[in-house]
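Next comes protein-v3.cif, with mmCIF, C-alpha atoms and all ligand atoms.
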```cif
data_structure
#
loop_
_atom_site.label_atom_id
_atom_site.label_comp_id
_atom_site.auth_asym_id
_atom_site.auth_seq_id
_atom_site.Cartn_x
_atom_site.Cartn_y
_atom_site.Cartn_z
CA MET A 230 -0.29 33.46 2.40
CA THR A 231 0.72 30.14 0.78
CA ARG A 232 -0.76 27.04 2.40
CA ALA A 233 0.67 23.63 1.56
CA VAL A 234 -0.01 19.99 2.36
CA VAL A 235 2.81 17.50 1.89
CA PHE A 236 2.08 13.76 1.80
CA ASP A 237 4.18 10.74 2.58
CA LEU A 238 3.62 8.10 -0.12
CA ASP A 239 3.89 4.43 0.90
CA GLY A 240 1.12 3.59 3.34
CA THR A 241 -0.29 7.12 3.14
CA LEU A 242 -1.49 7.97 -0.37
CA ILE A 243 -0.90 4.53 -1.85
CA ASP A 244 -1.41 1.00 -0.62
CA SER A 245 1.92 -0.17 -2.03
CA LEU A 246 2.94 -2.84 0.47
CA PRO A 247 1.73 -5.70 -1.82
CA ASP A 248 4.14 -4.51 -4.54
CA ILE A 249 7.01 -3.87 -2.11
CA ALA A 250 6.52 -7.40 -0.76
CA ALA A 251 6.33 -8.79 -4.31
CA ALA A 252 9.63 -7.08 -5.20
CA ALA A 253 11.34 -8.38 -2.05
CA ASN A 254 9.97 -11.88 -2.61
CA ALA A 255 11.08 -11.83 -6.26
CA LEU A 256 14.60 -11.09 -5.01
CA LEU A 257 14.37 -13.98 -2.54
CA ALA A 258 13.07 -16.28 -5.31
CA ASP A 259 16.04 -15.31 -7.54
CA HIS A 260 18.28 -16.57 -4.75
CA GLY A 261 16.33 -19.79 -4.25
CA MET A 262 14.60 -18.66 -1.05
CA LEU A 263 11.01 -18.90 0.10
CA PRO A 264 8.85 -15.76 0.32
CA LEU A 265 8.31 -13.84 3.55
CA PRO A 266 4.81 -12.82 4.65
CA GLN A 267 3.68 -9.33 3.64
CA THR A 268 3.17 -8.21 7.26
CA GLN A 269 6.77 -9.07 8.12
CA ILE A 270 8.01 -7.15 5.08
CA GLY A 271 5.86 -4.19 6.20
CA GLY A 272 8.11 -3.96 9.25
CA PHE A 273 11.10 -3.29 6.96
CA VAL A 274 9.52 -0.23 5.27
CA GLY A 275 9.85 3.41 6.24
CA MET A 276 13.53 4.36 6.29
CA GLY A 277 14.33 3.92 2.60
CA GLU A 278 15.82 1.14 0.51
CA ARG A 279 19.12 0.64 2.36
CA VAL A 280 17.50 0.04 5.74
CA PHE A 281 14.89 -2.09 3.94
CA LEU A 282 17.57 -4.31 2.39
CA ASP A 283 19.53 -4.48 5.66
CA ARG A 284 16.41 -5.77 7.40
CA LEU A 285 15.62 -8.21 4.59
CA ILE A 286 19.17 -9.60 4.73
CA ALA A 287 18.96 -9.91 8.52
CA ALA A 288 15.71 -11.91 8.21
CA THR A 289 16.90 -14.29 5.47
CA ALA A 290 19.93 -16.13 4.12
CA LEU A 291 20.74 -13.36 1.60
CA ASP A 292 24.48 -12.71 1.62
CA ALA A 293 25.45 -9.26 2.94
CA ALA A 294 28.78 -9.57 1.09
CA GLU A 295 26.80 -9.17 -2.18
CA TYR A 296 25.11 -6.01 -0.96
CA ASP A 297 25.52 -3.82 -4.05
CA ALA A 298 24.40 -6.55 -6.45
CA LEU A 299 21.42 -7.36 -4.22
CA MET A 300 20.43 -3.69 -4.12
CA ALA A 301 20.62 -3.42 -7.92
CA GLU A 302 18.47 -6.55 -8.31
CA PHE A 303 15.99 -5.34 -5.70
CA ILE A 304 15.60 -1.93 -7.36
CA THR A 305 15.01 -3.61 -10.73
CA HIS A 306 12.18 -5.68 -9.22
CA TYR A 307 10.90 -2.68 -7.27
CA LYS A 308 10.62 -0.48 -10.40
CA ALA A 309 8.71 -3.25 -12.19
CA SER A 310 6.29 -3.84 -9.29
CA THR A 311 3.40 -1.41 -9.69
CA GLY A 312 0.45 -3.59 -10.68
CA LEU A 313 -0.70 -4.47 -7.16
CA THR A 314 -0.65 -0.89 -5.85
CA THR A 315 -3.83 1.15 -5.36
CA VAL A 316 -4.57 4.65 -4.12
CA PHE A 317 -6.15 4.44 -0.66
CA PRO A 318 -9.95 4.94 -0.66
CA GLY A 319 -10.81 8.64 -0.78
CA ALA A 320 -7.18 9.78 -1.03
CA LEU A 321 -7.39 11.10 -4.58
CA ASP A 322 -10.65 12.91 -3.81
CA ALA A 323 -9.01 14.52 -0.78
CA VAL A 324 -6.12 15.64 -3.00
CA LYS A 325 -8.60 17.16 -5.47
CA VAL A 326 -10.55 18.94 -2.70
CA LEU A 327 -7.36 20.38 -1.18
CA LYS A 328 -6.19 21.54 -4.59
CA ALA A 329 -9.55 23.18 -5.29
CA GLU A 330 -9.29 24.91 -1.91
CA GLY A 331 -6.05 26.50 -3.07
CA TYR A 332 -3.45 24.43 -1.22
CA LYS A 333 -0.12 23.69 -2.87
CA LEU A 334 0.50 19.93 -2.75
CA GLY A 335 3.68 17.92 -2.35
CA ILE A 336 5.04 14.43 -1.77
CA CYS A 337 7.97 13.74 0.56
CA THR A 338 8.81 10.03 0.66
CA ASN A 339 11.77 7.80 1.49
CA LYS A 340 11.01 5.74 -1.64
CA PRO A 341 13.94 5.97 -4.08
CA GLY A 342 13.45 8.01 -7.28
CA GLY A 343 13.29 5.10 -9.77
CA PRO A 344 10.49 3.08 -8.15
CA LEU A 345 8.81 6.36 -7.13
CA ALA A 346 8.55 7.60 -10.73
CA ALA A 347 7.35 4.16 -11.88
CA VAL A 348 4.47 3.94 -9.41
CA LEU A 349 3.39 7.58 -9.74
CA ASP A 350 3.31 7.10 -13.52
CA ALA A 351 1.38 3.83 -13.30
CA LEU A 352 -1.29 5.47 -11.12
CA ASP A 353 -1.21 8.79 -13.05
CA LEU A 354 -0.60 10.74 -9.83
CA THR A 355 2.31 13.00 -10.79
CA LYS A 356 0.11 15.76 -12.25
CA TRP A 357 -1.54 16.56 -8.89
CA PHE A 358 1.66 17.60 -7.12
CA ASP A 359 3.65 20.83 -7.19
CA VAL A 360 6.75 19.18 -5.75
CA ILE A 361 7.91 15.58 -5.34
CA ILE A 362 10.86 14.77 -3.05
CA ALA A 363 12.23 11.21 -3.25
CA GLY A 364 14.32 9.36 -0.67
CA ASP A 365 17.43 10.03 -2.75
CA THR A 366 16.69 13.65 -3.75
CA LEU A 367 19.00 14.82 -0.94
CA PRO A 368 21.94 13.06 0.73
CA VAL A 369 19.81 12.81 3.91
CA ARG A 370 16.33 11.34 4.25
CA LYS A 371 13.44 11.26 6.75
CA PRO A 372 13.45 11.43 9.76
CA ASP A 373 15.97 14.18 8.96
CA PRO A 374 13.70 17.20 8.42
CA ALA A 375 15.69 18.53 5.41
CA PRO A 376 13.62 16.78 2.68
CA LEU A 377 10.36 18.03 4.21
CA HIS A 378 11.78 21.54 4.59
CA LEU A 379 12.78 21.41 0.93
CA ALA A 380 9.26 20.41 -0.15
CA PHE A 381 7.65 23.36 1.65
CA GLU A 382 10.40 25.73 0.54
CA GLN A 383 10.01 24.81 -3.14
CA MET A 384 6.31 25.64 -2.90
CA GLY A 385 6.99 28.93 -1.14
CA ALA A 386 4.74 27.74 1.70
CA ASP A 387 4.42 29.61 4.95
CA MET A 388 1.65 27.44 6.44
CA GLY A 389 1.87 23.67 6.31
CA VAL A 390 0.74 20.18 7.27
CA TYR A 391 2.55 16.88 6.75
CA VAL A 392 0.42 13.78 6.26
CA GLY A 393 2.01 10.40 6.99
CA ASP A 394 1.50 6.88 8.30
CA SER A 395 4.56 6.10 10.43
CA ASP A 396 6.66 7.05 13.43
CA VAL A 397 9.34 8.18 10.97
CA ASP A 398 6.87 10.66 9.46
CA ALA A 399 5.81 11.90 12.91
CA GLU A 400 9.42 12.51 13.90
CA THR A 401 10.12 14.26 10.59
CA ALA A 402 7.17 16.62 11.04
CA GLN A 403 8.16 17.34 14.63
CA ARG A 404 11.77 18.12 13.69
CA ALA A 405 10.61 20.27 10.75
CA GLY A 406 8.21 22.16 13.04
CA VAL A 407 5.08 21.39 10.99
CA SER A 408 1.73 19.90 12.03
CA PHE A 409 1.29 16.17 11.55
CA ALA A 410 -1.90 14.50 10.33
CA PHE A 411 -1.57 10.78 10.99
CA TYR A 412 -3.25 8.24 8.65
CA THR A 413 -3.76 5.18 10.82
CA GLU A 414 -4.58 2.64 8.06
CA GLY A 415 -1.12 2.54 6.45
CA ILE A 416 2.03 0.51 7.19
CA ARG A 417 1.91 1.20 10.91
CA THR A 418 3.99 -0.98 13.23
CA LYS A 419 3.29 0.84 16.51
CA PRO A 420 0.08 1.66 18.42
CA ILE A 421 -1.57 4.96 17.44
CA ASP A 422 -0.91 6.50 20.86
CA ALA A 423 2.81 5.71 20.61
CA ILE A 424 3.14 7.98 17.56
CA PRO A 425 2.92 11.73 18.30
CA HIS A 426 0.38 13.54 16.10
CA ASP A 427 -1.78 16.65 15.92
CA ARG A 428 -4.70 14.69 14.48
CA ALA A 429 -5.18 11.03 13.54
CA PHE A 430 -7.62 9.95 10.83
CA ASP A 431 -8.75 6.75 9.18
CA ARG A 432 -10.97 8.21 6.41
CA PHE A 433 -9.52 10.52 3.78
CA GLU A 434 -12.90 12.29 3.60
CA ASP A 435 -11.92 13.90 6.93
CA LEU A 436 -8.52 15.19 5.80
CA PRO A 437 -9.44 18.57 4.24
CA ALA A 438 -11.19 19.70 7.45
CA ILE A 439 -8.28 18.41 9.57
CA CYS A 440 -5.77 20.33 7.45
CA GLN A 441 -7.75 23.52 7.94
CA GLU A 442 -7.81 22.95 11.71
CA ILE A 443 -4.18 22.09 12.32
CA LEU A 444 -2.52 24.24 9.67
CA ARG A 445 0.11 26.41 11.32
CA PRO A 446 3.00 28.64 10.30
CA ILE A 447 6.13 26.77 9.24
O1 LIG A 501 10.49 3.60 1.03
C1 LIG A 501 10.29 3.63 2.26
O2 LIG A 501 11.06 3.14 3.10
C2 LIG A 501 9.05 4.27 2.80
O3 LIG A 501 8.41 5.09 1.91
P1 LIG A 501 7.49 6.28 2.51
O4 LIG A 501 8.45 7.28 3.08
O5 LIG A 501 6.74 6.76 1.28
O6 LIG A 501 6.56 5.68 3.53
MG MG A 502 4.82 5.73 4.74
#
```

Represent the supplied structure as structure tokens.
Amino acid sequence: MTRAVVFDLDGTLIDSLPDIAAAANALLADHGMLPLPQTQIGGFVGMGERVFLDRLIAATALDAAEYDALMAEFITHYKASTGLTTVFPGALDAVKVLKAEGYKLGICTNKPGGPLAAVLDALDLTKWFDVIIAGDTLPVRKPDPAPLHLAFEQMGADMGVYVGDSDVDAETAQRAGVSFAFYTEGIRTKPIDAIPHDRAFDRFEDLPAICQEILRPI
């Protein structure tokens, strides 16, 4: 029996919105524009970098005709923006407890591979995970269930839980047929009750017990 817990990254394991906002605002500054507030930028996160940039362009005077150049500039800023990111309180301890309890551990995020590697390196997190699936690992991304399926498959898991902070994560878990543990302190733009979940939590200390309770066959 192989049990596995897969985590979303932004807003779940790491409090990365300050760096995502800094990267977006650096792009705006390059183009002579004023910064947007962090909470507004939080509303752009969750579906990967293309949807993020589409939403940023729609909210500003950035020129959609320069899309590819804007994306390249944004990714350059994004890779360099790691200094403001922290691991959420108790998250690393929960990871260690789960590992000690024999769970395989994975990450399945919509963050693109470049910025993903940069932030995991900066926080020394890579070593804790058996598998890491980025937003651009496959041609499709969350809420398509394929990346989450791949994470569990690569770990040979037959029992699993997905841990995330958004409606995109909830939909991904549902479509993949795995339990969903919902961290309510992340980059959430909807009320807790509007996001389907098996269990919600706001303290990572509670996660190992929740995983044990809601773990079910994949
Ligand atoms: O990059 C995003 O859009 C969101 O990243 P996440 O899937 O780790 O929350
Ligand atoms: Mg997230």

Query raised in the report: What residues have any atom no more than 7 Å from ligand MG 502 (chain A) when counting all atoms listed in the file, and can you list them as a PyMOL selection string?
Result: chain A and resi 237-241+275+393-395+415-416

If you keep C-alpha atoms, can you produce a file of those selected residues as a PDB file, keeping the file's coordinate frame?
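Okay, again-v3.pdb is ready:
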```pdb
ATOM      1  CA  ASP A 237       4.180  10.740   2.580  1.00  0.00           C
ATOM      2  CA  LEU A 238       3.620   8.100  -0.120  1.00  0.00           C
ATOM      3  CA  ASP A 239       3.890   4.430   0.900  1.00  0.00           C
ATOM      4  CA  GLY A 240       1.120   3.590   3.340  1.00  0.00           C
ATOM      5  CA  THR A 241      -0.290   7.120   3.140  1.00  0.00           C
ATOM      6  CA  GLY A 275       9.850   3.410   6.240  1.00  0.00           C
ATOM      7  CA  GLY A 393       2.010  10.400   6.990  1.00  0.00           C
ATOM      8  CA  ASP A 394       1.500   6.880   8.300  1.00  0.00           C
ATOM      9  CA  SER A 395       4.560   6.100  10.430  1.00  0.00           C
ATOM     10  CA  GLY A 415      -1.120   2.540   6.450  1.00  0.00           C
ATOM     11  CA  ILE A 416       2.030   0.510   7.190  1.00  0.00           C
TER      12      ILE A 416
END
```

Report task. Tell me, in Å to one decimal, how far atom CA of Pro318 of chain A is from atom CA of Asp435 of chain A. Result ->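 Atom CA of Pro318 of chain A sits 11.9 Å away from atom CA of Asp435 of chain A.
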
Given 4 Å on each side, where is the centre and what are the edge lengths in Å to one decimal of the axis-aligned box enclosing the listed atoms of ligand LIG 501 (chain A), as lines of an AutoDock Vina configuration file?
```
center_x = 8.8
center_y = 5.2
center_z = 2.3
size_x = 12.5
size_y = 12.1
size_z = 10.5
```

Query raised in the report: Which one of A:Val326, A:Leu379, A:Ile336, A:Ala410 sits closest to Ala363 of chain A if you count only C-alpha atoms?
Result: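 Ranked by minimum distance to Ala363 of chain A, first place goes to A:Ile336.
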
Report task. Considering only C-alpha atoms, state which residue in the set A:Ala251, A:Gly319, A:Thr355, A:Pro420 is at the smallest distance from Arg432 of chain A. Result -> A:Gly319

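With all atoms listed in the file as the atoms that count, the residue of A:Thr413, A:Thr311, A:Ser245, A:Gln383 with the shortest distance to ligand LIG 501 (chain A) is A:Ser245.
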
Query raised in the report: Which residue out of A:Phe317, A:Tyr332, A:Trp357, A:Phe381 has the minimum interatomic distance to Phe433 of chain A when all atoms listed in the file are used?
Result: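 Closest to Phe433 of chain A of all the choices is A:Phe317.
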
Requested in this report: Name the residues in contact with Phe303 of chain A at a cut-off of 7 Å, using only C-alpha atoms, excluding same-chain residues fewer than 3 positions from it; report them as a VMD selection string.
Outcome: chain A and resid 252 to 253 256 299 to 300 306 to 307

Query raised in the report: Mind pulling up the distance from atom CA of Phe409 of chain A to atom CA of Ala438 of chain A?
Result: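 So the two atoms, atom CA of Ala438 of chain A and atom CA of Phe409 of chain A, lie 13.6 Å apart.
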
Write a file for segment 273-386 of chain A of the given structure; include C-alpha atoms and format it as a compact mmCIF listing (two decimals), in the first residue's frame.
```txt
# COMPACT_ATOMS: atom_id res chain seq x y z
CA PHE A 273 -4.64 36.77 -11.29
CA VAL A 274 -2.92 33.70 -9.78
CA GLY A 275 -3.94 30.06 -10.05
CA MET A 276 -4.18 29.10 -13.72
CA GLY A 277 -0.52 29.50 -14.70
CA GLU A 278 1.53 32.25 -16.29
CA ARG A 279 -0.47 32.76 -19.51
CA VAL A 280 -3.76 33.41 -17.73
CA PHE A 281 -1.81 35.52 -15.22
CA LEU A 282 -0.36 37.72 -17.98
CA ASP A 283 -3.72 37.92 -19.78
CA ARG A 284 -5.30 39.23 -16.58
CA LEU A 285 -2.42 41.64 -15.94
CA ILE A 286 -2.71 43.02 -19.48
CA ALA A 287 -6.49 43.39 -19.09
CA ALA A 288 -5.99 45.39 -15.87
CA THR A 289 -3.28 47.74 -17.19
CA ALA A 290 -2.06 49.54 -20.29
CA LEU A 291 0.39 46.74 -21.20
CA ASP A 292 0.18 46.08 -24.94
CA ALA A 293 -1.22 42.65 -25.84
CA ALA A 294 0.47 42.92 -29.25
CA GLU A 295 3.82 42.49 -27.43
CA TYR A 296 2.65 39.34 -25.67
CA ASP A 297 5.69 37.12 -26.22
CA ALA A 298 8.17 39.82 -25.22
CA LEU A 299 6.09 40.67 -22.14
CA MET A 300 6.00 37.00 -21.14
CA ALA A 301 9.77 36.68 -21.50
CA GLU A 302 10.31 39.82 -19.38
CA PHE A 303 7.81 38.64 -16.78
CA ILE A 304 9.43 35.21 -16.46
CA THR A 305 12.86 36.85 -16.03
CA HIS A 306 11.51 38.95 -13.14
CA TYR A 307 9.58 35.98 -11.76
CA LYS A 308 12.70 33.74 -11.62
CA ALA A 309 14.61 36.49 -9.81
CA SER A 310 11.83 37.12 -7.25
CA THR A 311 12.34 34.70 -4.38
CA GLY A 312 13.49 36.88 -1.48
CA LEU A 313 10.04 37.80 -0.18
CA THR A 314 8.68 34.24 -0.15
CA THR A 315 8.32 32.22 3.06
CA VAL A 316 7.08 28.74 3.87
CA PHE A 317 3.70 28.99 5.61
CA PRO A 318 3.87 28.51 9.40
CA GLY A 319 3.98 24.81 10.28
CA ALA A 320 4.05 23.66 6.64
CA LEU A 321 7.59 22.29 6.69
CA ASP A 322 6.95 20.50 9.99
CA ALA A 323 3.82 18.92 8.50
CA VAL A 324 5.89 17.77 5.51
CA LYS A 325 8.45 16.22 7.87
CA VAL A 326 5.76 14.48 9.96
CA LEU A 327 4.07 13.06 6.85
CA LYS A 328 7.41 11.85 5.52
CA ALA A 329 8.25 10.21 8.85
CA GLU A 330 4.83 8.52 8.76
CA GLY A 331 5.82 6.91 5.47
CA TYR A 332 3.88 8.99 2.95
CA LYS A 333 5.38 9.70 -0.45
CA LEU A 334 5.27 13.46 -1.07
CA GLY A 335 4.75 15.47 -4.24
CA ILE A 336 4.15 18.96 -5.59
CA CYS A 337 1.69 19.67 -8.41
CA THR A 338 1.60 23.37 -9.26
CA ASN A 339 0.66 25.60 -12.17
CA LYS A 340 3.85 27.63 -11.57
CA PRO A 341 6.15 27.36 -14.61
CA GLY A 342 9.33 25.28 -14.27
CA GLY A 343 11.87 28.16 -14.24
CA PRO A 344 10.41 30.21 -11.37
CA LEU A 345 9.43 26.95 -9.64
CA ALA A 346 13.01 25.66 -9.54
CA ALA A 347 14.27 29.09 -8.41
CA VAL A 348 11.94 29.35 -5.42
CA LEU A 349 12.27 25.71 -4.34
CA ASP A 350 16.06 26.15 -4.44
CA ALA A 351 15.97 29.42 -2.52
CA LEU A 352 13.90 27.82 0.26
CA ASP A 353 15.78 24.48 0.11
CA LEU A 354 12.51 22.57 -0.34
CA THR A 355 13.31 20.28 -3.29
CA LYS A 356 14.83 17.51 -1.15
CA TRP A 357 11.55 16.76 0.65
CA PHE A 358 9.61 15.73 -2.45
CA ASP A 359 9.55 12.49 -4.44
CA VAL A 360 7.98 14.15 -7.47
CA ILE A 361 7.56 17.76 -8.62
CA ILE A 362 5.15 18.58 -11.45
CA ALA A 363 5.33 22.14 -12.85
CA GLY A 364 2.67 24.02 -14.82
CA ASP A 365 4.59 23.30 -18.03
CA THR A 366 5.58 19.68 -17.32
CA LEU A 367 2.66 18.54 -19.49
CA PRO A 368 0.87 20.31 -22.36
CA VAL A 369 -2.20 20.60 -20.08
CA ARG A 370 -2.36 22.09 -16.59
CA LYS A 371 -4.72 22.22 -13.59
CA PRO A 372 -7.73 22.08 -13.45
CA ASP A 373 -7.08 19.31 -15.99
CA PRO A 374 -6.47 16.29 -13.74
CA ALA A 375 -3.58 14.92 -15.87
CA PRO A 376 -0.73 16.64 -13.93
CA LEU A 377 -2.12 15.42 -10.61
CA HIS A 378 -2.61 11.91 -11.99
CA LEU A 379 1.00 11.99 -13.17
CA ALA A 380 2.25 12.99 -9.70
CA PHE A 381 0.49 10.07 -8.00
CA GLU A 382 1.45 7.68 -10.79
CA GLN A 383 5.15 8.55 -10.58
CA MET A 384 5.08 7.73 -6.87
CA GLY A 385 3.24 4.46 -7.45
CA ALA A 386 0.53 5.69 -5.07
```
